[in-house]
$ cat work-v5.txt   # compact mmCIF, N, CA and C atoms
# COMPACT_ATOMS: atom_id res chain seq x y z
N MET Q 95 -56.14 32.67 88.52
CA MET Q 95 -56.54 31.33 88.12
C MET Q 95 -56.01 30.34 89.14
N ALA Q 96 -56.84 29.50 89.67
CA ALA Q 96 -56.43 28.50 90.66
C ALA Q 96 -56.18 27.17 89.96
N PHE Q 97 -55.00 26.59 90.24
CA PHE Q 97 -54.65 25.30 89.67
C PHE Q 97 -54.87 24.22 90.71
N LYS Q 98 -55.12 23.00 90.30
CA LYS Q 98 -55.32 21.89 91.23
C LYS Q 98 -54.04 21.62 92.03
N ASP Q 99 -52.90 21.76 91.39
CA ASP Q 99 -51.61 21.57 92.05
C ASP Q 99 -51.10 22.94 92.50
N PRO Q 100 -50.95 23.17 93.81
CA PRO Q 100 -50.54 24.50 94.28
C PRO Q 100 -49.11 24.89 93.88
N ARG Q 101 -48.32 23.94 93.39
CA ARG Q 101 -46.96 24.26 92.95
C ARG Q 101 -46.95 24.92 91.58
N ILE Q 102 -48.02 24.77 90.79
CA ILE Q 102 -48.08 25.33 89.44
C ILE Q 102 -48.33 26.83 89.52
N THR Q 103 -47.49 27.61 88.82
CA THR Q 103 -47.68 29.05 88.77
C THR Q 103 -48.33 29.50 87.47
N ARG Q 104 -48.11 28.75 86.40
CA ARG Q 104 -48.65 29.16 85.11
C ARG Q 104 -48.65 28.01 84.12
N ILE Q 105 -49.65 28.02 83.25
CA ILE Q 105 -49.68 27.11 82.10
C ILE Q 105 -49.76 28.01 80.88
N ALA Q 106 -48.74 27.93 80.02
CA ALA Q 106 -48.66 28.82 78.85
C ALA Q 106 -48.68 28.01 77.57
N LYS Q 107 -49.36 28.55 76.57
CA LYS Q 107 -49.38 27.95 75.24
C LYS Q 107 -48.63 28.90 74.31
N VAL Q 108 -47.56 28.40 73.71
CA VAL Q 108 -46.75 29.22 72.81
C VAL Q 108 -46.45 28.45 71.54
N ASN Q 109 -46.23 29.18 70.46
CA ASN Q 109 -45.79 28.58 69.20
C ASN Q 109 -44.31 28.87 69.05
N LEU Q 110 -43.51 27.83 68.97
CA LEU Q 110 -42.06 27.98 68.82
C LEU Q 110 -41.62 27.29 67.54
N ILE Q 111 -40.43 27.66 67.07
CA ILE Q 111 -39.87 27.04 65.87
C ILE Q 111 -39.03 25.84 66.29
N GLY Q 112 -39.32 24.69 65.71
CA GLY Q 112 -38.63 23.46 66.06
C GLY Q 112 -37.12 23.57 65.92
N GLY Q 113 -36.40 23.20 66.97
CA GLY Q 113 -34.94 23.21 66.96
C GLY Q 113 -34.31 24.58 67.03
N GLN Q 114 -35.13 25.65 67.17
CA GLN Q 114 -34.57 27.01 67.12
C GLN Q 114 -35.07 27.90 68.25
N ALA Q 115 -35.54 27.33 69.36
CA ALA Q 115 -36.03 28.15 70.47
C ALA Q 115 -34.86 28.89 71.11
N LYS Q 116 -35.09 30.14 71.52
CA LYS Q 116 -34.08 30.96 72.18
C LYS Q 116 -34.72 31.65 73.38
N PRO Q 117 -33.92 31.93 74.41
CA PRO Q 117 -34.46 32.72 75.51
C PRO Q 117 -34.93 34.08 74.99
N GLY Q 118 -36.05 34.56 75.49
CA GLY Q 118 -36.58 35.85 75.04
C GLY Q 118 -37.82 36.22 75.82
N PRO Q 119 -38.47 37.31 75.43
CA PRO Q 119 -39.63 37.81 76.18
C PRO Q 119 -40.78 36.81 76.30
N ALA Q 120 -41.02 36.02 75.27
CA ALA Q 120 -42.12 35.05 75.32
C ALA Q 120 -41.91 34.03 76.43
N LEU Q 121 -40.67 33.61 76.62
CA LEU Q 121 -40.36 32.63 77.66
C LEU Q 121 -40.14 33.29 79.01
N ALA Q 122 -39.61 34.51 79.02
CA ALA Q 122 -39.33 35.22 80.28
C ALA Q 122 -40.61 35.44 81.08
N SER Q 123 -41.70 35.73 80.40
CA SER Q 123 -42.95 36.01 81.10
C SER Q 123 -43.55 34.76 81.73
N ILE Q 124 -43.08 33.58 81.33
CA ILE Q 124 -43.62 32.33 81.88
C ILE Q 124 -43.01 32.03 83.24
N GLY Q 125 -41.78 32.50 83.46
CA GLY Q 125 -41.13 32.30 84.77
C GLY Q 125 -40.47 30.94 84.91
N ILE Q 126 -39.75 30.51 83.88
CA ILE Q 126 -39.04 29.23 83.92
C ILE Q 126 -37.56 29.47 83.68
N ASN Q 127 -36.76 28.44 83.86
CA ASN Q 127 -35.34 28.50 83.54
C ASN Q 127 -35.24 28.42 82.01
N MET Q 128 -35.09 29.58 81.37
CA MET Q 128 -35.14 29.65 79.90
C MET Q 128 -34.03 28.84 79.23
N GLY Q 129 -32.81 28.88 79.78
CA GLY Q 129 -31.70 28.15 79.18
C GLY Q 129 -31.95 26.66 79.16
N GLU Q 130 -32.43 26.14 80.27
CA GLU Q 130 -32.72 24.71 80.36
C GLU Q 130 -33.88 24.34 79.44
N PHE Q 131 -34.92 25.18 79.41
CA PHE Q 131 -36.07 24.90 78.54
C PHE Q 131 -35.63 24.86 77.08
N THR Q 132 -34.90 25.88 76.62
CA THR Q 132 -34.52 25.93 75.20
C THR Q 132 -33.65 24.73 74.83
N LYS Q 133 -32.77 24.32 75.75
CA LYS Q 133 -31.93 23.15 75.48
C LYS Q 133 -32.80 21.90 75.30
N GLN Q 134 -33.72 21.66 76.25
CA GLN Q 134 -34.59 20.47 76.16
C GLN Q 134 -35.51 20.53 74.94
N PHE Q 135 -36.09 21.70 74.69
CA PHE Q 135 -37.01 21.86 73.56
C PHE Q 135 -36.28 21.62 72.24
N ASN Q 136 -35.12 22.25 72.07
CA ASN Q 136 -34.36 22.10 70.82
C ASN Q 136 -33.91 20.66 70.60
N ASP Q 137 -33.54 19.96 71.68
CA ASP Q 137 -33.16 18.55 71.55
C ASP Q 137 -34.35 17.70 71.11
N LYS Q 138 -35.52 17.98 71.70
CA LYS Q 138 -36.71 17.19 71.40
C LYS Q 138 -37.24 17.45 69.99
N THR Q 139 -37.04 18.67 69.47
CA THR Q 139 -37.63 19.04 68.18
C THR Q 139 -36.61 19.20 67.06
N LYS Q 140 -35.39 18.71 67.25
CA LYS Q 140 -34.37 18.89 66.20
C LYS Q 140 -34.76 18.23 64.88
N ASP Q 141 -35.59 17.19 64.91
CA ASP Q 141 -36.03 16.53 63.68
C ASP Q 141 -37.10 17.35 62.96
N LYS Q 142 -37.67 18.36 63.62
CA LYS Q 142 -38.68 19.23 63.02
C LYS Q 142 -38.15 20.65 62.87
N ASN Q 143 -36.87 20.76 62.57
CA ASN Q 143 -36.21 22.05 62.47
C ASN Q 143 -36.92 22.97 61.47
N GLY Q 144 -37.30 24.16 61.92
CA GLY Q 144 -37.94 25.14 61.06
C GLY Q 144 -39.45 25.07 61.06
N GLU Q 145 -40.04 24.02 61.62
CA GLU Q 145 -41.50 23.91 61.66
C GLU Q 145 -42.06 24.64 62.88
N VAL Q 146 -43.28 25.14 62.75
CA VAL Q 146 -43.97 25.75 63.88
C VAL Q 146 -44.46 24.63 64.78
N ILE Q 147 -44.10 24.69 66.07
CA ILE Q 147 -44.48 23.66 67.03
C ILE Q 147 -45.27 24.30 68.18
N PRO Q 148 -46.59 24.08 68.23
CA PRO Q 148 -47.36 24.56 69.39
C PRO Q 148 -46.90 23.79 70.63
N THR Q 149 -46.66 24.51 71.72
CA THR Q 149 -46.12 23.91 72.93
C THR Q 149 -46.90 24.39 74.15
N VAL Q 150 -47.21 23.48 75.04
CA VAL Q 150 -47.88 23.82 76.30
C VAL Q 150 -46.83 23.64 77.40
N ILE Q 151 -46.54 24.75 78.10
CA ILE Q 151 -45.52 24.74 79.16
C ILE Q 151 -46.21 24.91 80.51
N THR Q 152 -45.92 24.02 81.44
CA THR Q 152 -46.41 24.13 82.81
C THR Q 152 -45.25 24.60 83.67
N ALA Q 153 -45.39 25.78 84.28
CA ALA Q 153 -44.34 26.36 85.12
C ALA Q 153 -44.67 26.13 86.59
N TYR Q 154 -43.64 25.80 87.36
CA TYR Q 154 -43.80 25.56 88.79
C TYR Q 154 -43.12 26.66 89.60
N LYS Q 155 -43.48 26.77 90.88
CA LYS Q 155 -42.95 27.83 91.76
C LYS Q 155 -41.43 27.83 91.85
N ASP Q 156 -40.82 26.66 91.78
CA ASP Q 156 -39.36 26.56 91.91
C ASP Q 156 -38.62 26.80 90.58
N LYS Q 157 -39.31 27.38 89.60
CA LYS Q 157 -38.78 27.69 88.25
C LYS Q 157 -38.58 26.45 87.39
N SER Q 158 -38.98 25.28 87.88
CA SER Q 158 -38.92 24.08 87.04
C SER Q 158 -40.13 24.10 86.11
N PHE Q 159 -40.17 23.15 85.19
CA PHE Q 159 -41.23 23.15 84.18
C PHE Q 159 -41.37 21.77 83.60
N LYS Q 160 -42.48 21.58 82.91
CA LYS Q 160 -42.64 20.44 82.01
C LYS Q 160 -43.31 21.00 80.77
N PHE Q 161 -43.09 20.36 79.64
CA PHE Q 161 -43.72 20.86 78.42
C PHE Q 161 -44.16 19.71 77.54
N GLU Q 162 -45.18 20.02 76.75
CA GLU Q 162 -45.74 19.05 75.82
C GLU Q 162 -45.81 19.72 74.45
N THR Q 163 -45.30 19.04 73.44
CA THR Q 163 -45.37 19.58 72.08
C THR Q 163 -46.56 18.96 71.35
N LYS Q 164 -47.17 19.75 70.49
CA LYS Q 164 -48.29 19.30 69.67
C LYS Q 164 -47.82 19.22 68.22
N THR Q 165 -48.69 18.76 67.35
CA THR Q 165 -48.34 18.70 65.93
C THR Q 165 -48.44 20.10 65.33
N SER Q 166 -47.71 20.34 64.26
CA SER Q 166 -47.72 21.64 63.59
C SER Q 166 -49.14 21.99 63.13
N PRO Q 167 -49.46 23.29 63.06
CA PRO Q 167 -50.80 23.69 62.61
C PRO Q 167 -51.10 23.21 61.18
N VAL Q 168 -52.37 22.94 60.91
CA VAL Q 168 -52.79 22.47 59.59
C VAL Q 168 -52.38 23.48 58.52
N THR Q 169 -52.54 24.77 58.80
CA THR Q 169 -52.20 25.78 57.79
C THR Q 169 -50.72 25.72 57.43
N PHE Q 170 -49.86 25.49 58.41
CA PHE Q 170 -48.42 25.37 58.14
C PHE Q 170 -48.16 24.16 57.25
N LEU Q 171 -48.78 23.03 57.59
CA LEU Q 171 -48.58 21.80 56.82
C LEU Q 171 -49.13 21.93 55.41
N LEU Q 172 -50.27 22.61 55.25
CA LEU Q 172 -50.85 22.83 53.92
C LEU Q 172 -49.94 23.71 53.06
N LYS Q 173 -49.43 24.79 53.64
CA LYS Q 173 -48.53 25.67 52.88
C LYS Q 173 -47.28 24.92 52.46
N LYS Q 174 -46.77 24.08 53.35
CA LYS Q 174 -45.59 23.28 53.03
C LYS Q 174 -45.89 22.30 51.89
N ALA Q 175 -47.04 21.61 51.98
CA ALA Q 175 -47.42 20.63 50.95
C ALA Q 175 -47.67 21.30 49.60
N ALA Q 176 -48.26 22.49 49.62
CA ALA Q 176 -48.57 23.20 48.38
C ALA Q 176 -47.39 24.03 47.89
N ASN Q 177 -46.35 24.13 48.71
CA ASN Q 177 -45.17 24.91 48.38
C ASN Q 177 -45.51 26.38 48.10
N ILE Q 178 -46.27 26.97 49.03
CA ILE Q 178 -46.63 28.38 48.92
C ILE Q 178 -46.27 29.10 50.21
N LYS Q 179 -46.15 30.43 50.13
CA LYS Q 179 -45.81 31.23 51.31
C LYS Q 179 -47.04 31.66 52.09
N SER Q 180 -48.14 31.91 51.39
CA SER Q 180 -49.36 32.33 52.08
C SER Q 180 -50.59 31.89 51.29
N GLY Q 181 -51.72 31.95 51.98
CA GLY Q 181 -52.97 31.57 51.34
C GLY Q 181 -53.51 32.69 50.48
N ALA Q 182 -54.69 32.48 49.92
CA ALA Q 182 -55.32 33.46 49.03
C ALA Q 182 -55.83 34.66 49.83
N LYS Q 183 -55.78 35.83 49.21
CA LYS Q 183 -56.32 37.03 49.83
C LYS Q 183 -57.85 36.93 49.88
N ASN Q 184 -58.45 36.35 48.83
CA ASN Q 184 -59.89 36.13 48.79
C ASN Q 184 -60.13 34.68 48.38
N PRO Q 185 -60.22 33.76 49.36
CA PRO Q 185 -60.34 32.33 49.03
C PRO Q 185 -61.64 31.95 48.34
N LYS Q 186 -62.65 32.83 48.37
CA LYS Q 186 -63.91 32.52 47.69
C LYS Q 186 -63.76 32.58 46.18
N THR Q 187 -62.87 33.46 45.71
CA THR Q 187 -62.72 33.65 44.27
C THR Q 187 -61.36 33.23 43.74
N GLU Q 188 -60.41 32.99 44.61
CA GLU Q 188 -59.04 32.74 44.19
C GLU Q 188 -58.55 31.38 44.69
N THR Q 189 -57.89 30.64 43.82
CA THR Q 189 -57.24 29.38 44.20
C THR Q 189 -55.75 29.56 44.00
N VAL Q 190 -54.97 29.40 45.08
CA VAL Q 190 -53.53 29.63 44.99
C VAL Q 190 -52.75 28.35 44.70
N ALA Q 191 -53.36 27.19 45.00
CA ALA Q 191 -52.65 25.92 44.77
C ALA Q 191 -53.64 24.77 44.79
N THR Q 192 -53.19 23.65 44.26
CA THR Q 192 -53.96 22.41 44.31
C THR Q 192 -53.03 21.32 44.81
N ILE Q 193 -53.51 20.54 45.78
CA ILE Q 193 -52.71 19.41 46.26
C ILE Q 193 -53.51 18.12 46.08
N SER Q 194 -52.82 17.01 46.08
CA SER Q 194 -53.47 15.72 45.87
C SER Q 194 -54.19 15.26 47.14
N ARG Q 195 -55.13 14.38 46.95
CA ARG Q 195 -55.86 13.79 48.09
C ARG Q 195 -54.88 13.06 49.01
N GLU Q 196 -53.87 12.41 48.41
CA GLU Q 196 -52.89 11.66 49.20
C GLU Q 196 -52.12 12.58 50.14
N LYS Q 197 -51.70 13.75 49.64
CA LYS Q 197 -50.98 14.71 50.49
C LYS Q 197 -51.87 15.20 51.62
N ALA Q 198 -53.14 15.48 51.29
CA ALA Q 198 -54.09 15.94 52.30
C ALA Q 198 -54.33 14.84 53.34
N LEU Q 199 -54.36 13.59 52.90
CA LEU Q 199 -54.54 12.46 53.81
C LEU Q 199 -53.34 12.31 54.74
N GLU Q 200 -52.13 12.56 54.23
CA GLU Q 200 -50.93 12.54 55.06
C GLU Q 200 -51.04 13.58 56.18
N ILE Q 201 -51.49 14.79 55.81
CA ILE Q 201 -51.67 15.86 56.80
C ILE Q 201 -52.73 15.45 57.82
N ALA Q 202 -53.83 14.89 57.35
CA ALA Q 202 -54.90 14.44 58.24
C ALA Q 202 -54.39 13.40 59.23
N ASN Q 203 -53.56 12.48 58.76
CA ASN Q 203 -53.02 11.45 59.65
C ASN Q 203 -52.04 12.03 60.67
N ILE Q 204 -51.27 13.03 60.26
CA ILE Q 204 -50.36 13.71 61.20
C ILE Q 204 -51.17 14.40 62.28
N LYS Q 205 -52.24 15.10 61.88
CA LYS Q 205 -53.04 15.90 62.80
C LYS Q 205 -54.07 15.09 63.59
N LEU Q 206 -54.33 13.85 63.21
CA LEU Q 206 -55.39 13.05 63.83
C LEU Q 206 -55.28 13.00 65.36
N VAL Q 207 -54.06 12.95 65.89
CA VAL Q 207 -53.89 12.87 67.35
C VAL Q 207 -54.35 14.14 68.07
N ASP Q 208 -54.31 15.29 67.39
CA ASP Q 208 -54.69 16.56 68.01
C ASP Q 208 -56.09 17.03 67.63
N LEU Q 209 -56.73 16.38 66.68
CA LEU Q 209 -58.06 16.78 66.25
C LEU Q 209 -59.14 16.03 67.02
N ASN Q 210 -60.34 16.58 67.02
CA ASN Q 210 -61.45 15.86 67.66
C ASN Q 210 -62.23 15.08 66.59
N ALA Q 211 -61.49 14.38 65.75
CA ALA Q 211 -62.09 13.58 64.68
C ALA Q 211 -62.04 12.11 65.08
N ASN Q 212 -63.07 11.38 64.68
CA ASN Q 212 -63.16 9.96 65.04
C ASN Q 212 -62.39 9.06 64.09
N ASP Q 213 -62.21 9.52 62.85
CA ASP Q 213 -61.53 8.68 61.88
C ASP Q 213 -60.78 9.53 60.87
N GLU Q 214 -60.08 8.84 60.00
CA GLU Q 214 -59.24 9.47 58.98
C GLU Q 214 -60.06 10.36 58.03
N GLU Q 215 -61.24 9.88 57.66
CA GLU Q 215 -62.08 10.64 56.72
C GLU Q 215 -62.57 11.94 57.34
N ALA Q 216 -62.94 11.92 58.62
CA ALA Q 216 -63.37 13.14 59.31
C ALA Q 216 -62.20 14.12 59.41
N ALA Q 217 -61.01 13.61 59.70
CA ALA Q 217 -59.82 14.46 59.77
C ALA Q 217 -59.52 15.07 58.41
N LEU Q 218 -59.69 14.28 57.35
CA LEU Q 218 -59.49 14.77 55.99
C LEU Q 218 -60.44 15.93 55.68
N ARG Q 219 -61.70 15.81 56.09
CA ARG Q 219 -62.68 16.89 55.87
C ARG Q 219 -62.27 18.16 56.61
N MET Q 220 -61.72 18.00 57.83
CA MET Q 220 -61.26 19.17 58.58
C MET Q 220 -60.09 19.85 57.87
N VAL Q 221 -59.16 19.05 57.37
CA VAL Q 221 -58.03 19.58 56.62
C VAL Q 221 -58.54 20.28 55.35
N ALA Q 222 -59.51 19.67 54.69
CA ALA Q 222 -60.08 20.25 53.46
C ALA Q 222 -60.76 21.58 53.76
N GLY Q 223 -61.41 21.69 54.91
CA GLY Q 223 -62.04 22.95 55.30
C GLY Q 223 -61.02 24.05 55.50
N SER Q 224 -59.91 23.73 56.14
CA SER Q 224 -58.83 24.71 56.32
C SER Q 224 -58.24 25.09 54.97
N ALA Q 225 -58.05 24.09 54.11
CA ALA Q 225 -57.50 24.35 52.77
C ALA Q 225 -58.41 25.28 51.99
N LYS Q 226 -59.72 25.06 52.06
CA LYS Q 226 -60.68 25.90 51.34
C LYS Q 226 -60.56 27.36 51.81
N GLN Q 227 -60.40 27.55 53.12
CA GLN Q 227 -60.28 28.91 53.67
C GLN Q 227 -58.97 29.58 53.26
N MET Q 228 -58.01 28.80 52.81
CA MET Q 228 -56.73 29.35 52.36
C MET Q 228 -56.67 29.51 50.85
N GLY Q 229 -57.67 29.01 50.14
CA GLY Q 229 -57.64 29.06 48.69
C GLY Q 229 -56.86 27.92 48.08
N ILE Q 230 -56.77 26.81 48.80
CA ILE Q 230 -56.07 25.62 48.31
C ILE Q 230 -57.12 24.57 47.98
N LYS Q 231 -57.04 24.02 46.79
CA LYS Q 231 -57.99 22.98 46.36
C LYS Q 231 -57.34 21.62 46.57
N ILE Q 232 -58.14 20.66 47.04
CA ILE Q 232 -57.68 19.29 47.21
C ILE Q 232 -58.41 18.44 46.19
N GLU Q 233 -57.65 17.77 45.32
CA GLU Q 233 -58.24 16.96 44.25
C GLU Q 233 -59.15 15.87 44.82
N GLY Q 234 -60.39 15.85 44.35
CA GLY Q 234 -61.32 14.79 44.72
C GLY Q 234 -61.90 14.88 46.12
N VAL Q 235 -61.76 16.03 46.79
CA VAL Q 235 -62.30 16.17 48.14
C VAL Q 235 -63.16 17.42 48.20
N ASP Q 236 -64.41 17.24 48.64
CA ASP Q 236 -65.32 18.37 48.83
C ASP Q 236 -65.50 18.56 50.34
N PRO Q 237 -64.99 19.67 50.91
CA PRO Q 237 -65.07 19.85 52.36
C PRO Q 237 -66.48 20.10 52.88
N VAL Q 238 -67.46 20.31 51.99
CA VAL Q 238 -68.81 20.65 52.41
C VAL Q 238 -69.71 19.43 52.61
N VAL Q 239 -69.32 18.27 52.09
CA VAL Q 239 -70.16 17.07 52.20
C VAL Q 239 -70.24 16.65 53.66
N HIS Q 240 -71.46 16.46 54.16
CA HIS Q 240 -71.68 16.07 55.54
C HIS Q 240 -71.93 14.57 55.63
N LYS Q 241 -72.01 14.09 56.84
CA LYS Q 241 -72.27 12.67 57.06
C LYS Q 241 -73.55 12.28 56.33
N GLY Q 242 -73.51 11.19 55.64
CA GLY Q 242 -74.66 10.74 54.87
C GLY Q 242 -74.57 11.18 53.42
N GLY Q 243 -73.52 11.96 53.08
CA GLY Q 243 -73.29 12.35 51.69
C GLY Q 243 -74.13 13.50 51.20
N LYS Q 244 -74.84 14.20 52.07
CA LYS Q 244 -75.67 15.33 51.62
C LYS Q 244 -74.95 16.64 51.88
N LYS Q 245 -75.21 17.61 51.02
CA LYS Q 245 -74.61 18.93 51.20
C LYS Q 245 -75.51 19.79 52.05

$ encode --input "work-v5.txt" --output "C-alpha cells"
Amino acid sequence: MAFKDPRITRIAKVNLIGGQAKPGPALASIGINMGEFTKQFNDKTKDKNGEVIPTVITAYKDKSFKFETKTSPVTFLLKKAANIKSGAKNPKTETVATISREKALEIANIKLVDLNANDEEAALRMVAGSAKQMGIKIEGVDPVVHKGGKK
C-alpha cells in the first residue's frame, strides 16, 4: 500500500480498552514505540476507563506515531445503557431489554460525530437499527420508518 507521505509505514485500526492499553502483539505488529503509545493512550482515555475505544494509529519509519480515538461502538453503548452483557441470540423473536428514547438519543448524540447522519433524528434511527439487531427495544422509536414517514 502506498501512502501519500513516504514516512508513513502503516495505518492501523485497533479497538483498545480506555485507560488500560498494554504493550502486546496487537501493538507490536504496528511497529511503534509501545511504551510511549500506551502511556499517551491511557492518559488520553483515563476518563473512559473500561470502555472500548476504536483507535486509528499512524506509524512512521522512525517508530514515532500519531493516533486518533473514536467514540465507543453503538453496540457497547447500547449494552451499557440496557445493563446487559450480550444481545439476543435471535433478535427477530427475542427482546432482551428495553431502553428509553432519551437514553437512545444520548447514544445518538455521542455517536453523531462518527456517523454519516445529517441530524439527531437520523442518528437515532441508526442507533435504533443496531438496537433492533441486538434484541433491544427503544420506547417510541421504530427503526424501519423512512424519510417521509412511510415504511

$ closest_atom_pairs --input "work-v5.txt" --of "region 128-171 of chain Q" --to "region 199-217 of chain Q" --cutoff "8 Å" --atoms "all atoms listed in the file" --output "tab-separated table"
residue	atom	partner	partner_atom	distance
Q:Lys164	CA	Q:Asp208	CA	7.2
Q:Thr165	CA	Q:Lys205	CA	6.3
Q:Ser166	N	Q:Lys205	CA	7.1
Q:Pro167	C	Q:Lys205	CA	7.7
Q:Val168	CA	Q:Ile201	C	7.2
Q:Leu171	CA	Q:Ile201	CA	6.7

$ write_last_selection --input "work-v5.txt" --atoms "N, CA and C atoms" --output "CSV table (one decimal), keeping the file's coordinate frame"
chain,number,residue,atom,x,y,z
Q,164,LYS,N,-47.2,19.8,70.5
Q,164,LYS,CA,-48.3,19.3,69.7
Q,164,LYS,C,-47.8,19.2,68.2
Q,165,THR,N,-48.7,18.8,67.4
Q,165,THR,CA,-48.3,18.7,65.9
Q,165,THR,C,-48.4,20.1,65.3
Q,166,SER,N,-47.7,20.3,64.3
Q,166,SER,CA,-47.7,21.6,63.6
Q,166,SER,C,-49.1,22.0,63.1
Q,167,PRO,N,-49.5,23.3,63.1
Q,167,PRO,CA,-50.8,23.7,62.6
Q,167,PRO,C,-51.1,23.2,61.2
Q,168,VAL,N,-52.4,22.9,60.9
Q,168,VAL,CA,-52.8,22.5,59.6
Q,168,VAL,C,-52.4,23.5,58.5
Q,171,LEU,N,-48.8,23.0,57.6
Q,171,LEU,CA,-48.6,21.8,56.8
Q,171,LEU,C,-49.1,21.9,55.4

$ closest_residue --input "work-v5.txt" --among "Q:Val150, Q:Asp137, Q:Ile126, Q:Ile193" --to "Val108 (chain Q)" --atoms "all atoms listed in the file"
Q:Val150

$ residues_around --input "work-v5.txt" --residues "Val146 (chain Q)" --least-positions-apart "2" --cutoff "7 Å" --atoms "all atoms listed in the file" --output "compact mmCIF listing (two decimals) with N, CA and C atoms, in the coordinates of the input"
# COMPACT_ATOMS: atom_id res chain seq x y z
N ASN Q 109 -46.23 29.18 70.46
CA ASN Q 109 -45.79 28.58 69.20
C ASN Q 109 -44.31 28.87 69.05
N LEU Q 110 -43.51 27.83 68.97
CA LEU Q 110 -42.06 27.98 68.82
C LEU Q 110 -41.62 27.29 67.54
N ILE Q 111 -40.43 27.66 67.07
CA ILE Q 111 -39.87 27.04 65.87
C ILE Q 111 -39.03 25.84 66.29
N GLY Q 112 -39.32 24.69 65.71
CA GLY Q 112 -38.63 23.46 66.06
C GLY Q 112 -37.12 23.57 65.92
N LYS Q 142 -37.67 18.36 63.62
CA LYS Q 142 -38.68 19.23 63.02
C LYS Q 142 -38.15 20.65 62.87
N ASN Q 143 -36.87 20.76 62.57
CA ASN Q 143 -36.21 22.05 62.47
C ASN Q 143 -36.92 22.97 61.47
N GLY Q 144 -37.30 24.16 61.92
CA GLY Q 144 -37.94 25.14 61.06
C GLY Q 144 -39.45 25.07 61.06
N PRO Q 148 -46.59 24.08 68.23
CA PRO Q 148 -47.36 24.56 69.39
C PRO Q 148 -46.90 23.79 70.63
N THR Q 165 -48.69 18.76 67.35
CA THR Q 165 -48.34 18.70 65.93
C THR Q 165 -48.44 20.10 65.33
N SER Q 166 -47.71 20.34 64.26
CA SER Q 166 -47.72 21.64 63.59
C SER Q 166 -49.14 21.99 63.13
N PRO Q 167 -49.46 23.29 63.06
CA PRO Q 167 -50.80 23.69 62.61
C PRO Q 167 -51.10 23.21 61.18
N PHE Q 170 -49.86 25.49 58.41
CA PHE Q 170 -48.42 25.37 58.14
C PHE Q 170 -48.16 24.16 57.25

$ atom_distance --input "work-v5.txt" --atom1 "atom C of Ala182 (chain Q)" --atom2 "CA of Gln227 (chain Q)"
8.2 Å

$ atom_distance --input "work-v5.txt" --atom1 "CA of Asn184 (chain Q)" --atom2 "CA of Thr169 (chain Q)"
15.7 Å

$ closest_residue --input "work-v5.txt" --among "Q:Asn127, Q:Ser194, Q:Thr139, Q:Ser180" --to "Ser158 (chain Q)" --atoms "all atoms listed in the file"
Q:Asn127

$ axis_aligned_box --input "work-v5.txt" --around "region 132-148 of chain Q" --padding-each-side "4 Å" --output "JSON"
{"center_x": -39.6, "center_y": 21.2, "center_z": 68.8, "size_x": 23.4, "size_y": 17.4, "size_z": 23.6}

$ residues_around --input "work-v5.txt" --residues "region 114-125 of chain Q" --least-positions-apart "3" --cutoff "8 Å" --atoms "only N, CA and C atoms" --output "number ranges by chain"
Q: 103-106, 108, 110-111, 128-129, 131-133, 135-137, 139-140, 142-145, 151-159

$ select_by_dssp --input "work-v5.txt" --residues "region 150-184 of chain Q" --states "strand (DSSP E)" --output "PDB file with N, CA and C atoms, in the coordinates of the input"
ATOM      1  N   VAL Q 150     -47.210  23.480  75.040  1.00  0.00           N
ATOM      2  CA  VAL Q 150     -47.880  23.820  76.300  1.00  0.00           C
ATOM      3  C   VAL Q 150     -46.830  23.640  77.400  1.00  0.00           C
ATOM      4  N   ILE Q 151     -46.540  24.750  78.100  1.00  0.00           N
ATOM      5  CA  ILE Q 151     -45.520  24.740  79.160  1.00  0.00           C
ATOM      6  C   ILE Q 151     -46.210  24.910  80.510  1.00  0.00           C
ATOM      7  N   THR Q 152     -45.920  24.020  81.440  1.00  0.00           N
ATOM      8  CA  THR Q 152     -46.410  24.130  82.810  1.00  0.00           C
ATOM      9  C   THR Q 152     -45.250  24.600  83.670  1.00  0.00           C
ATOM     10  N   ALA Q 153     -45.390  25.780  84.280  1.00  0.00           N
ATOM     11  CA  ALA Q 153     -44.340  26.360  85.120  1.00  0.00           C
ATOM     12  C   ALA Q 153     -44.670  26.130  86.590  1.00  0.00           C
ATOM     13  N   TYR Q 154     -43.640  25.800  87.360  1.00  0.00           N
ATOM     14  CA  TYR Q 154     -43.800  25.560  88.790  1.00  0.00           C
ATOM     15  C   TYR Q 154     -43.120  26.660  89.600  1.00  0.00           C
ATOM     16  N   PHE Q 159     -40.170  23.150  85.190  1.00  0.00           N
ATOM     17  CA  PHE Q 159     -41.230  23.150  84.180  1.00  0.00           C
ATOM     18  C   PHE Q 159     -41.370  21.770  83.600  1.00  0.00           C
ATOM     19  N   LYS Q 160     -42.480  21.580  82.910  1.00  0.00           N
ATOM     20  CA  LYS Q 160     -42.640  20.440  82.010  1.00  0.00           C
ATOM     21  C   LYS Q 160     -43.310  21.000  80.770  1.00  0.00           C
ATOM     22  N   PHE Q 161     -43.090  20.360  79.640  1.00  0.00           N
ATOM     23  CA  PHE Q 161     -43.720  20.860  78.420  1.00  0.00           C
ATOM     24  C   PHE Q 161     -44.160  19.710  77.540  1.00  0.00           C
ATOM     25  N   GLU Q 162     -45.180  20.020  76.750  1.00  0.00           N
ATOM     26  CA  GLU Q 162     -45.740  19.050  75.820  1.00  0.00           C
ATOM     27  C   GLU Q 162     -45.810  19.720  74.450  1.00  0.00           C
ATOM     28  N   THR Q 163     -45.300  19.040  73.440  1.00  0.00           N
ATOM     29  CA  THR Q 163     -45.370  19.580  72.080  1.00  0.00           C
ATOM     30  C   THR Q 163     -46.560  18.960  71.350  1.00  0.00           C
TER      31      THR Q 163
END

$ closest_residue --input "work-v5.txt" --among "Q:Ile147, Q:Ala191, Q:Ile178, Q:Leu172" --to "Ile232 (chain Q)" --atoms "only N, CA and C atoms"
Q:Ala191

$ atom_distance --input "work-v5.txt" --atom1 "CA of Glu162 (chain Q)" --atom2 "CA of Ala175 (chain Q)"
25.0 Å
